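Source file: work.txt (compact mmCIF, C-alpha atoms and all ligand atoms)
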# COMPACT_ATOMS: atom_id res chain seq x y z
CA MET A 79 13.08 4.86 21.11
CA SER A 80 12.24 8.48 21.57
CA LYS A 81 8.73 9.71 22.28
CA ARG A 82 6.77 10.81 19.21
CA SER A 83 8.50 14.05 18.30
CA CYS A 84 5.59 16.03 17.09
CA GLU A 85 1.87 15.91 17.81
CA THR A 86 -1.03 16.70 15.53
CA ALA A 87 -0.52 19.61 13.17
CA GLU A 88 -3.88 21.31 13.43
CA SER A 89 -3.50 23.67 10.53
CA ILE A 90 -2.48 20.95 8.09
CA GLU A 91 -5.36 18.76 9.20
CA ASP A 92 -7.79 21.59 8.80
CA ALA A 93 -6.47 22.39 5.35
CA ILE A 94 -6.74 18.78 4.25
CA LEU A 95 -10.24 18.44 5.65
CA ARG A 96 -11.34 21.66 4.00
CA MET A 97 -9.92 20.55 0.68
CA ALA A 98 -11.37 17.04 0.91
CA CYS A 99 -14.80 18.31 1.96
CA ALA A 100 -14.91 20.95 -0.77
CA GLU A 101 -14.04 18.33 -3.34
CA ARG A 102 -16.68 16.01 -1.89
CA ARG A 103 -19.37 18.41 -3.00
CA VAL A 104 -18.05 18.23 -6.55
CA LEU A 105 -18.00 14.45 -6.36
CA ASN A 106 -21.55 14.38 -5.01
CA ASP A 107 -22.80 15.98 -8.19
CA LYS A 108 -20.71 13.82 -10.40
CA TYR A 109 -20.54 10.40 -8.79
CA ARG A 110 -23.10 10.32 -5.98
CA GLY A 111 -20.23 10.55 -3.46
CA GLN A 112 -21.21 10.90 0.17
CA ASP A 113 -18.10 11.17 2.24
CA MET A 114 -14.53 12.30 2.06
CA ASP A 115 -12.51 12.01 -1.13
CA ALA A 116 -9.53 9.94 -0.08
CA LEU A 117 -7.80 10.71 -3.37
CA LYS A 118 -7.25 14.18 -1.93
CA LEU A 119 -5.48 12.83 1.13
CA ASP A 120 -1.72 12.42 0.93
CA THR A 121 -0.68 9.20 2.65
CA VAL A 122 2.83 10.51 3.19
CA ARG A 123 4.67 13.60 2.05
CA LEU A 124 7.64 15.76 2.89
CA SER A 125 6.86 19.12 4.47
CA GLY A 126 7.46 22.09 2.19
CA ASP A 127 10.53 23.18 4.19
CA ARG A 128 11.89 19.59 4.21
CA SER A 129 11.91 19.57 8.01
CA CYS A 130 9.61 16.59 8.65
CA LEU A 131 7.42 13.87 7.17
CA GLU A 132 3.67 14.41 7.23
CA ILE A 133 1.94 11.07 7.59
CA LEU A 134 -1.80 10.50 7.53
CA ASP A 135 -2.22 8.22 10.57
CA GLN A 136 -4.14 5.27 9.11
CA THR A 137 -4.58 3.63 12.51
CA LEU A 138 -7.17 6.33 13.30
CA LEU A 139 -9.23 5.98 10.12
CA PRO A 140 -12.07 6.12 9.37
CA GLY A 141 -13.10 8.06 12.48
CA THR A 142 -10.32 10.61 12.62
CA VAL A 143 -8.21 12.27 9.97
CA ARG A 144 -4.95 13.20 11.67
CA VAL A 145 -1.63 14.10 10.15
CA LEU A 146 1.48 13.27 12.15
CA ARG A 147 4.54 15.42 11.66
CA ILE A 148 7.62 13.39 12.46
CA ASP A 149 11.31 13.92 11.92
CA LYS A 150 13.15 11.35 14.06
CA ILE A 151 14.22 8.06 12.52
CA GLU A 152 12.70 6.13 15.46
CA ASP A 153 9.33 7.72 14.74
CA ILE A 154 9.56 6.91 11.04
CA PHE A 155 10.39 3.30 11.97
CA GLU A 156 7.45 3.25 14.39
CA ALA A 157 5.04 4.71 11.81
CA ILE A 158 5.88 1.89 9.40
CA ARG A 159 6.04 -0.85 12.05
CA TYR A 160 2.63 0.05 13.53
CA LEU A 161 0.90 0.66 10.18
CA ARG A 162 0.34 4.40 10.55
CA VAL A 163 1.58 4.30 6.97
CA ARG A 164 1.07 0.92 5.32
CA GLY A 165 0.54 -0.84 2.03
CA ALA A 166 3.59 -1.87 0.03
CA PRO A 167 4.04 1.15 -2.29
CA ALA A 168 3.30 3.71 0.46
CA ILE A 169 5.84 2.02 2.73
CA GLY A 170 8.42 2.40 -0.06
CA VAL A 171 7.60 6.09 -0.53
CA CYS A 172 7.74 6.67 3.24
CA ALA A 173 11.12 4.93 3.52
CA ALA A 174 12.53 6.98 0.62
CA TYR A 175 11.37 10.31 2.08
CA GLY A 176 12.38 9.11 5.53
CA ILE A 177 15.96 8.29 4.66
CA ALA A 178 16.32 11.49 2.61
CA LEU A 179 15.22 13.40 5.70
CA THR A 180 17.38 11.57 8.23
CA ALA A 181 20.41 11.60 5.89
CA SER A 182 20.04 15.37 5.59
CA ARG A 183 20.75 15.55 9.33
CA ILE A 184 24.05 13.64 9.14
CA GLU A 185 26.68 16.11 10.29
CA THR A 186 29.75 15.49 8.18
CA GLN A 187 31.25 16.78 4.98
CA GLU A 188 33.27 13.57 4.48
CA TYR A 189 31.73 11.31 1.86
CA GLU A 190 32.86 8.03 3.45
CA CYS A 191 31.48 9.06 6.88
CA PHE A 192 28.23 10.15 5.23
CA LEU A 193 27.89 6.83 3.40
CA ALA A 194 28.58 4.82 6.57
CA ALA A 195 25.97 6.79 8.55
CA PHE A 196 23.45 6.49 5.68
CA ARG A 197 23.92 2.72 5.60
CA LYS A 198 23.25 2.47 9.34
CA GLN A 199 20.01 4.42 8.92
CA LYS A 200 19.06 2.29 5.93
CA GLU A 201 19.60 -0.93 7.85
CA TYR A 202 17.47 0.35 10.72
CA LEU A 203 14.54 1.42 8.53
CA ALA A 204 14.75 -1.83 6.55
CA SER A 205 14.13 -3.76 9.77
CA SER A 206 10.71 -2.15 10.33
CA ARG A 207 8.70 -4.73 8.32
CA PRO A 208 9.86 -7.84 6.44
CA THR A 209 7.37 -8.77 3.70
CA ALA A 210 6.69 -5.78 1.42
CA VAL A 211 9.69 -5.71 -0.91
CA ASN A 212 9.03 -2.07 -1.83
CA LEU A 213 10.63 -1.08 1.47
CA PHE A 214 13.97 -2.64 0.48
CA TRP A 215 13.54 -1.66 -3.16
CA ALA A 216 13.14 2.03 -2.25
CA LEU A 217 16.00 2.04 0.25
CA ASP A 218 18.30 0.27 -2.25
CA ARG A 219 17.37 2.80 -4.93
CA MET A 220 18.21 5.64 -2.55
CA GLU A 221 21.59 4.06 -1.80
CA ARG A 222 22.32 3.57 -5.51
CA THR A 223 21.53 7.25 -6.05
CA LEU A 224 23.94 8.24 -3.30
CA LEU A 225 26.69 6.01 -4.74
CA ALA A 226 26.14 7.36 -8.24
CA HIS A 227 26.94 10.88 -7.01
CA ALA A 228 30.00 10.03 -4.93
CA GLU A 229 32.02 12.82 -6.55
CA GLN A 230 29.58 15.50 -5.38
CA PRO A 231 29.87 17.44 -2.10
CA VAL A 232 27.81 15.89 0.71
CA GLU A 233 25.43 18.88 0.83
CA LYS A 234 24.64 18.41 -2.86
CA ILE A 235 24.07 14.65 -2.35
CA LYS A 236 21.55 15.45 0.39
CA ASP A 237 19.58 17.54 -2.07
CA ILE A 238 19.79 14.80 -4.71
CA LEU A 239 18.38 12.29 -2.21
CA PHE A 240 15.37 14.51 -1.53
CA ARG A 241 14.75 14.74 -5.28
CA GLU A 242 15.04 10.98 -5.70
CA ALA A 243 12.47 10.39 -2.96
CA GLN A 244 10.13 12.81 -4.70
CA ALA A 245 10.70 10.96 -7.99
CA ILE A 246 9.80 7.64 -6.31
CA ARG A 247 6.58 9.23 -5.06
CA ASP A 248 5.69 10.79 -8.41
CA GLU A 249 6.47 7.58 -10.30
CA ASP A 250 4.19 5.68 -7.93
CA VAL A 251 1.25 7.87 -8.94
CA ALA A 252 1.94 7.24 -12.64
CA ILE A 253 2.43 3.49 -12.09
CA SER A 254 -0.86 3.14 -10.21
CA ARG A 255 -2.67 5.17 -12.87
CA SER A 256 -1.31 2.88 -15.55
CA ILE A 257 -2.33 -0.26 -13.61
CA GLY A 258 -5.75 1.36 -13.34
CA GLU A 259 -6.07 1.83 -17.11
CA ILE A 260 -5.11 -1.79 -17.79
CA GLY A 261 -7.43 -3.09 -15.07
CA PHE A 262 -10.24 -0.85 -16.34
CA GLY A 263 -9.97 -2.70 -19.64
CA LEU A 264 -11.11 -5.86 -17.84
CA LEU A 265 -14.23 -4.25 -16.36
CA ARG A 266 -17.69 -4.59 -17.87
CA PRO A 267 -20.73 -2.47 -16.94
CA GLY A 268 -22.62 -4.08 -14.07
CA ASP A 269 -19.60 -6.02 -12.79
CA GLY A 270 -19.23 -7.02 -9.16
CA ILE A 271 -15.63 -6.80 -7.93
CA LEU A 272 -14.29 -8.32 -4.74
CA THR A 273 -11.16 -6.96 -3.06
CA HIS A 274 -9.25 -7.88 0.06
CA CYS A 275 -7.35 -5.69 2.54
CA ASN A 276 -6.58 -2.15 1.37
CA ALA A 277 -4.67 -1.85 -1.87
CA GLY A 278 -6.22 1.57 -2.31
CA THR A 279 -5.05 5.12 -2.63
CA LEU A 280 -4.17 4.98 1.08
CA ALA A 281 -1.68 2.19 0.33
CA THR A 282 0.08 4.14 -2.42
CA ALA A 283 0.86 7.72 -3.39
CA LYS A 284 -2.45 7.88 -5.30
CA TYR A 285 -5.11 5.63 -6.91
CA GLY A 286 -3.98 2.41 -5.22
CA THR A 287 -3.30 -0.72 -7.20
CA ALA A 288 -6.37 -2.96 -6.80
CA THR A 289 -8.61 0.10 -6.57
CA ALA A 290 -6.99 1.95 -9.47
CA PRO A 291 -9.26 0.31 -12.11
CA MET A 292 -12.26 1.54 -10.07
CA TYR A 293 -11.01 5.13 -9.82
CA VAL A 294 -10.04 5.12 -13.50
CA ALA A 295 -13.51 3.80 -14.31
CA LEU A 296 -14.99 6.84 -12.52
CA GLU A 297 -12.67 9.13 -14.46
CA HIS A 298 -13.98 7.55 -17.67
CA GLY A 299 -17.54 8.15 -16.48
CA MET A 300 -18.32 4.50 -15.75
CA THR A 301 -20.18 4.18 -12.47
CA ASP A 302 -22.11 0.98 -13.10
CA PHE A 303 -20.14 -1.49 -10.98
CA ARG A 304 -20.21 -2.76 -7.39
CA VAL A 305 -17.38 -3.52 -5.01
CA TYR A 306 -17.38 -6.04 -2.17
CA CYS A 307 -14.72 -5.29 0.46
CA ASP A 308 -13.54 -8.08 2.73
CA GLU A 309 -13.23 -6.55 6.19
CA THR A 310 -9.78 -8.19 6.55
CA ARG A 311 -9.24 -9.48 10.06
CA PRO A 312 -7.41 -8.83 12.27
CA LEU A 313 -6.55 -5.20 11.44
CA LEU A 314 -9.67 -4.43 9.42
CA GLN A 315 -7.96 -2.63 6.55
CA GLY A 316 -10.90 -3.55 4.31
CA ALA A 317 -13.50 -2.07 6.65
CA ARG A 318 -11.59 0.92 7.97
CA LEU A 319 -9.71 1.91 4.82
CA THR A 320 -11.05 0.37 1.59
CA ALA A 321 -14.72 0.86 2.47
CA PHE A 322 -13.88 4.39 3.68
CA GLU A 323 -12.20 5.43 0.48
CA LEU A 324 -14.47 3.69 -2.06
CA HIS A 325 -17.70 4.71 -0.32
CA GLY A 326 -16.32 8.25 -0.07
CA ALA A 327 -15.66 8.26 -3.81
CA GLY A 328 -19.30 7.40 -4.45
CA ILE A 329 -18.63 3.83 -5.56
CA ASP A 330 -21.32 1.24 -4.81
CA THR A 331 -19.52 -0.42 -1.90
CA THR A 332 -20.60 -3.37 0.26
CA LEU A 333 -18.59 -4.43 3.27
CA ILE A 334 -18.52 -8.14 4.06
CA CYS A 335 -16.82 -10.19 6.76
CA ASP A 336 -13.98 -12.33 5.41
CA ASN A 337 -15.99 -15.52 5.89
CA MET A 338 -18.80 -14.22 3.66
CA ALA A 339 -16.78 -14.19 0.44
CA SER A 340 -17.81 -17.71 -0.51
CA THR A 341 -21.52 -17.05 -0.21
CA VAL A 342 -21.26 -13.75 -2.10
CA MET A 343 -19.35 -15.48 -4.90
CA LYS A 344 -21.75 -18.41 -4.97
CA SER A 345 -24.67 -16.00 -5.34
CA GLY A 346 -23.14 -14.77 -8.59
CA LEU A 347 -22.52 -11.27 -7.27
CA VAL A 348 -18.80 -11.25 -8.06
CA ASN A 349 -17.42 -11.25 -11.62
CA LEU A 350 -13.79 -10.64 -10.83
CA VAL A 351 -11.33 -10.18 -8.00
CA PHE A 352 -8.65 -7.48 -7.81
CA VAL A 353 -6.07 -7.64 -5.02
CA GLY A 354 -2.76 -5.92 -4.33
CA CYS A 355 0.49 -7.56 -3.34
CA ASP A 356 3.48 -7.13 -1.08
CA ARG A 357 5.93 -9.29 -2.98
CA VAL A 358 5.72 -11.37 -6.14
CA ALA A 359 8.26 -14.15 -6.74
CA ALA A 360 9.68 -14.87 -10.20
CA ASN A 361 7.18 -17.68 -10.80
CA GLY A 362 4.21 -15.42 -9.96
CA ASP A 363 3.56 -16.70 -6.43
CA THR A 364 2.23 -13.66 -4.61
CA ALA A 365 2.39 -12.57 -0.97
CA ASN A 366 -0.45 -10.33 0.09
CA LYS A 367 -2.52 -9.72 3.21
CA ILE A 368 -3.50 -12.82 5.15
CA GLY A 369 -6.68 -14.26 3.67
CA THR A 370 -5.81 -13.47 0.06
CA SER A 371 -4.91 -17.06 -0.81
CA GLY A 372 -8.27 -18.22 0.56
CA VAL A 373 -10.03 -15.73 -1.70
CA ALA A 374 -8.03 -17.09 -4.66
CA VAL A 375 -9.03 -20.68 -3.84
CA LEU A 376 -12.68 -19.62 -3.68
CA ALA A 377 -12.41 -17.68 -6.93
CA GLN A 378 -11.02 -20.72 -8.71
CA HIS A 379 -13.78 -22.89 -7.24
CA TYR A 380 -16.48 -20.54 -8.54
CA GLY A 381 -14.72 -19.85 -11.86
CA ILE A 382 -14.13 -16.16 -11.10
CA PRO A 383 -11.02 -14.45 -12.59
CA PHE A 384 -8.51 -13.47 -9.89
CA TYR A 385 -6.13 -10.61 -10.76
CA VAL A 386 -3.12 -9.36 -8.79
CA CYS A 387 -2.32 -5.67 -9.31
CA ALA A 388 1.45 -5.29 -8.99
CA PRO A 389 3.76 -2.34 -9.55
CA SER A 390 7.01 -3.77 -10.95
CA SER A 391 8.78 -2.61 -7.77
CA THR A 392 6.88 -5.40 -6.01
CA ILE A 393 8.28 -8.15 -8.24
CA ASP A 394 11.28 -9.80 -6.61
CA MET A 395 13.14 -11.83 -9.22
CA SER A 396 15.73 -12.87 -6.62
CA LEU A 397 13.16 -15.31 -5.24
CA SER A 398 12.22 -18.20 -7.50
CA THR A 399 9.03 -19.15 -5.62
CA GLY A 400 6.75 -17.77 -2.92
CA GLU A 401 8.14 -20.22 -0.38
CA GLN A 402 11.15 -17.93 -0.04
CA ILE A 403 9.09 -14.83 0.81
CA PRO A 404 9.52 -13.86 4.49
CA ILE A 405 6.12 -13.71 6.17
CA GLU A 406 5.69 -11.21 8.99
CA GLU A 407 4.22 -12.49 12.25
CA ARG A 408 2.65 -9.84 14.41
CA GLU A 409 1.54 -9.34 18.01
CA ALA A 410 -1.14 -11.64 19.48
CA SER A 411 -3.00 -8.61 20.83
CA GLU A 412 -4.02 -7.70 17.27
CA VAL A 413 -6.18 -10.84 17.28
CA THR A 414 -7.34 -10.93 20.89
CA GLU A 415 -7.93 -7.28 21.78
CA MET A 416 -7.33 -4.68 19.14
CA TRP A 417 -10.57 -3.17 17.75
CA TYR A 418 -12.65 -4.89 20.45
CA LYS A 419 -14.09 -2.98 23.41
CA GLU A 420 -12.77 -5.70 25.64
CA ARG A 421 -10.55 -8.71 25.21
CA MET A 422 -12.32 -11.40 23.15
CA ALA A 423 -10.15 -14.42 23.90
CA PRO A 424 -9.15 -16.18 27.09
CA GLU A 425 -5.96 -14.99 28.75
CA GLY A 426 -3.07 -17.26 27.90
CA VAL A 427 -4.57 -18.85 24.78
CA LYS A 428 -2.04 -19.42 22.00
CA VAL A 429 -2.41 -17.07 19.04
CA TYR A 430 -0.97 -17.39 15.54
CA ASN A 431 -0.96 -14.09 13.65
CA PRO A 432 0.78 -14.23 10.25
CA ALA A 433 0.17 -10.91 8.52
CA PHE A 434 0.48 -12.28 4.97
CA ASP A 435 -0.01 -15.44 2.97
CA VAL A 436 1.22 -16.60 -0.41
CA THR A 437 -1.18 -17.24 -3.26
CA ASP A 438 0.06 -19.95 -5.59
CA HIS A 439 0.61 -18.68 -9.13
CA SER A 440 -1.69 -21.42 -10.46
CA LEU A 441 -4.63 -19.63 -8.80
CA ILE A 442 -3.84 -16.28 -10.44
CA THR A 443 -5.56 -15.40 -13.72
CA GLY A 444 -3.21 -12.52 -14.45
CA ILE A 445 -0.79 -10.06 -12.87
CA ILE A 446 -1.48 -6.46 -13.87
CA THR A 447 1.69 -4.38 -13.90
CA GLU A 448 2.13 -0.80 -15.08
CA LYS A 449 3.70 -2.17 -18.26
CA GLY A 450 1.01 -4.65 -19.15
CA LEU A 451 -1.07 -7.65 -18.15
CA CYS A 452 1.06 -10.74 -17.52
CA ARG A 453 -0.24 -14.28 -17.89
CA ALA A 454 1.52 -17.52 -16.91
CA PRO A 455 4.30 -18.47 -17.26
CA TYR A 456 5.00 -15.34 -15.26
CA GLU A 457 8.79 -15.22 -15.32
CA LYS A 458 8.72 -15.26 -19.13
CA ALA A 459 5.96 -12.62 -19.18
CA PHE A 460 7.90 -10.33 -16.77
CA ARG A 461 11.00 -10.59 -18.97
CA GLU A 462 9.06 -10.04 -22.21
CA LEU A 463 7.52 -6.84 -20.84
CA GLY A 464 10.98 -5.64 -19.75
CA ILE A 465 9.85 -5.48 -16.14
CA VAL A 466 13.01 -7.24 -14.97
O1 LIG B 501 -0.20 -4.90 6.58
P1 LIG B 501 -0.56 -3.93 5.49
O2 LIG B 501 -1.80 -3.17 5.78
O3 LIG B 501 0.61 -3.06 5.10
O4 LIG B 501 -0.87 -4.88 4.25
C1 LIG B 501 -1.21 -4.30 3.03
C2 LIG B 501 -1.51 -5.29 1.97
O5 LIG B 501 -1.42 -6.48 2.13
C3 LIG B 501 -1.85 -4.71 0.62
O6 LIG B 501 -2.78 -5.51 -0.05
C4 LIG B 501 -0.56 -4.64 -0.21
O7 LIG B 501 0.44 -3.98 0.49
C5 LIG B 501 -0.78 -3.99 -1.51
S1 LIG B 501 -0.98 -2.25 -1.37
C6 LIG B 501 -1.15 -1.57 -2.91
Please re-express this file's structure in structure tokens.
Amino acid sequence: MSKRSCETAESIEDAILRMACAERRVLNDKYRGQDMDALKLDTVRLSGDRSCLEILDQTLLPGTVRVLRIDKIEDIFEAIRYLRVRGAPAIGVCAAYGIALTASRIETQEYECFLAAFRKQKEYLASSRPTAVNLFWALDRMERTLLAHAEQPVEKIKDILFREAQAIRDEDVAISRSIGEIGFGLLRPGDGILTHCNAGTLATAKYGTATAPMYVALEHGMTDFRVYCDETRPLLQGARLTAFELHGAGIDTTLICDNMASTVMKSGLVNLVFVGCDRVAANGDTANKIGTSGVAVLAQHYGIPFYVCAPSSTIDMSLSTGEQIPIEEREASEVTEMWYKERMAPEGVKVYNPAFDVTDHSLITGIITEKGLCRAPYEKAFRELGIV
């Protein structure tokens, strides 16, 4: 693997910070916002001259806002693998831009050679993470686009690939917005919402999935709701990312440790749960960040509706149940050392670190897609809405 090709781009950072801070003042008046407006931060984008990807490095949040400019395929792989860009839809957008960029560097005018080199790059990027199906969905869509333009000169195909990646990004914004409108319809003034991990604007091109109903609520002028964010061990996406973006938007946000969800629910503070997802099987079984299935069990115990917010790109009809979803296992150091000042476990102790779990469809009240709210039986509902 090559060394990171490009360090911090000061001017871009400054511009983003200026923009976000200026907007914050507007939000302060309107929504009692206190911090940065994450909706103004692009999680991933292509530079204007199409020479590199600009990725907001989420491993540094909330303390530091830094944009990485990368152009090598190894660095794009690394950014996905190590969660600099993360969250199922954002991973898909990153992979689409990434392969458009790396394919543009393939030096051949021969279509067959171009296709062979593209497929090698695709296979490499697809191996960066296993669970979020959006990664494979986006790469497959890019390949289908290439194949559909086989009669065009290679230089023209390269341009078409850039446009397709942009379309995937733009569609993601519209999809999240639509999920937000449908989810907003489930909200009542005074509601307490619990969410797990970060299925926020930082996990998508904009709005997020689980957070979209909250942002749409603000857009409709509804501010009378509270959000409880699970901190989400071991990588703390709830604390570092969800709390950062919701608090910054002026939403009444309370951070809790994962093991506090039960007591918060029991106290009657939570009326509904919104979570995101990384892959949904045909029967509605849903893979999402580790800990999600525990939240669903608790929600059922306390009679609290549990909704999964799912762009249709996350629904994988090739898998009949969640048992077939590949679950990523990650490094032990994420549990023993990362985010601690010093190691917090004895050397040599065994560690199990699955990054995702599967929530049984029977625990899910509804799956909110951009095309509508699906209720069990899910396969039938997905087909009726024309999602698959
Ligand atoms: O490991 P991560 O941070 O990529 O995991 C993210 C999640 O599990 C999200 O909840 C999921 O991708 C949905 S994002 C809209």
Requested in this report: Collect all residues with atoms no farther than 8 Å from ligand LIG 501 (chain B), counting only C-alpha atoms and all ligand atoms, and output them as a PyMOL selection string.
Outcome: chain A and resi 161+163-169+210+274-279+281-282+286-288+313+315+353-356+365-368+387-388+433-434
Please write the residues from the selection above to a file, keeping C-alpha atoms, as a PDB file, in the coordinates of the input.
ATOM      1  CA  LEU A 161       0.900   0.660  10.180  1.00  0.00           C
ATOM      2  CA  VAL A 163       1.580   4.300   6.970  1.00  0.00           C
ATOM      3  CA  ARG A 164       1.070   0.920   5.320  1.00  0.00           C
ATOM      4  CA  GLY A 165       0.540  -0.840   2.030  1.00  0.00           C
ATOM      5  CA  ALA A 166       3.590  -1.870   0.030  1.00  0.00           C
ATOM      6  CA  PRO A 167       4.040   1.150  -2.290  1.00  0.00           C
ATOM      7  CA  ALA A 168       3.300   3.710   0.460  1.00  0.00           C
ATOM      8  CA  ILE A 169       5.840   2.020   2.730  1.00  0.00           C
ATOM      9  CA  ALA A 210       6.690  -5.780   1.420  1.00  0.00           C
ATOM     10  CA  HIS A 274      -9.250  -7.880   0.060  1.00  0.00           C
ATOM     11  CA  CYS A 275      -7.350  -5.690   2.540  1.00  0.00           C
ATOM     12  CA  ASN A 276      -6.580  -2.150   1.370  1.00  0.00           C
ATOM     13  CA  ALA A 277      -4.670  -1.850  -1.870  1.00  0.00           C
ATOM     14  CA  GLY A 278      -6.220   1.570  -2.310  1.00  0.00           C
ATOM     15  CA  THR A 279      -5.050   5.120  -2.630  1.00  0.00           C
ATOM     16  CA  ALA A 281      -1.680   2.190   0.330  1.00  0.00           C
ATOM     17  CA  THR A 282       0.080   4.140  -2.420  1.00  0.00           C
ATOM     18  CA  GLY A 286      -3.980   2.410  -5.220  1.00  0.00           C
ATOM     19  CA  THR A 287      -3.300  -0.720  -7.200  1.00  0.00           C
ATOM     20  CA  ALA A 288      -6.370  -2.960  -6.800  1.00  0.00           C
ATOM     21  CA  LEU A 313      -6.550  -5.200  11.440  1.00  0.00           C
ATOM     22  CA  GLN A 315      -7.960  -2.630   6.550  1.00  0.00           C
ATOM     23  CA  VAL A 353      -6.070  -7.640  -5.020  1.00  0.00           C
ATOM     24  CA  GLY A 354      -2.760  -5.920  -4.330  1.00  0.00           C
ATOM     25  CA  CYS A 355       0.490  -7.560  -3.340  1.00  0.00           C
ATOM     26  CA  ASP A 356       3.480  -7.130  -1.080  1.00  0.00           C
ATOM     27  CA  ALA A 365       2.390 -12.570  -0.970  1.00  0.00           C
ATOM     28  CA  ASN A 366      -0.450 -10.330   0.090  1.00  0.00           C
ATOM     29  CA  LYS A 367      -2.520  -9.720   3.210  1.00  0.00           C
ATOM     30  CA  ILE A 368      -3.500 -12.820   5.150  1.00  0.00           C
ATOM     31  CA  CYS A 387      -2.320  -5.670  -9.310  1.00  0.00           C
ATOM     32  CA  ALA A 388       1.450  -5.290  -8.990  1.00  0.00           C
ATOM     33  CA  ALA A 433       0.170 -10.910   8.520  1.00  0.00           C
ATOM     34  CA  PHE A 434       0.480 -12.280   4.970  1.00  0.00           C
TER      35      PHE A 434
END
Do you know which residues are at most 9 Å from Leu265 in chain A counting all atoms listed in the file, after dropping those on the same chain fewer than 2 positions away, and could you put them as a PDB file with C-alpha atoms, keeping the file's coordinate frame?
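Saved the output as out_2.pdb:
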ATOM      1  CA  GLY A 261      -7.430  -3.090 -15.070  1.00  0.00           C
ATOM      2  CA  PHE A 262     -10.240  -0.850 -16.340  1.00  0.00           C
ATOM      3  CA  GLY A 263      -9.970  -2.700 -19.640  1.00  0.00           C
ATOM      4  CA  PRO A 267     -20.730  -2.470 -16.940  1.00  0.00           C
ATOM      5  CA  GLY A 268     -22.620  -4.080 -14.070  1.00  0.00           C
ATOM      6  CA  ASP A 269     -19.600  -6.020 -12.790  1.00  0.00           C
ATOM      7  CA  ILE A 271     -15.630  -6.800  -7.930  1.00  0.00           C
ATOM      8  CA  PRO A 291      -9.260   0.310 -12.110  1.00  0.00           C
ATOM      9  CA  MET A 292     -12.260   1.540 -10.070  1.00  0.00           C
ATOM     10  CA  ALA A 295     -13.510   3.800 -14.310  1.00  0.00           C
ATOM     11  CA  PHE A 303     -20.140  -1.490 -10.980  1.00  0.00           C
ATOM     12  CA  LEU A 350     -13.790 -10.640 -10.830  1.00  0.00           C
TER      13      LEU A 350
END
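Using all atoms listed in the file for every distance, the candidate list A:Thr180, A:Gly170, A:Arg123, A:Leu451 yields A:Thr180 as the residue closest to Lys150 in chain A.
Here CA of Asp149 in chain A stands at a distance of 6.9 Å from CA of Ser129 in chain A.
Distance check against Gly426 in chain A using all atoms listed in the file: of A:Thr273, A:Thr310, A:Ser411, A:Ser345, the minimum falls on A:Ser411.
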Query raised in the report: Around (0.0, -16.7, -0.6) in the file's frame, which residues reach within 10 Å when counting all atoms listed in the file? Return as number ranges by chain?
Result: A: 355, 357-358, 363-372, 374, 400-401, 403, 405, 434-439, 441
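Comparing A:Phe384, A:Ile257, A:Met114, A:Asn431 by their smallest distance to Glu406 in chain A, the closest is A:Asn431 (using all atoms listed in the file).
Using all atoms listed in the file, the protein and nucleic acid residues lying no more than 10 Å from Arg247 in chain A, apart from those fewer than 4 places from it along its own chain, are A:Val122, A:Arg123, A:Pro167, A:Ala168, A:Gly170, A:Val171, A:Cys172, A:Ala174, A:Tyr175, A:Arg241, A:Glu242, A:Ala243, A:Val251, A:Ala252, A:Ile253, A:Thr282, A:Ala283, A:Lys284.
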Query - Selection: 12 Å around Thr137 in chain A, all atoms listed in the file, excl. self and same-chain fewer than 5 positions, as JSON, numbers by chain - result: {"A": [121, 142, 143, 144, 145, 146, 157, 158, 159, 160, 161, 162, 163, 164, 280, 313, 314, 315, 318, 319, 416, 417]}
Query raised in the report: Which distance in Å separates CA of Ala459 in chain A and CA of Ile442 in chain A, to one decimal?
Result: 13.6 Å
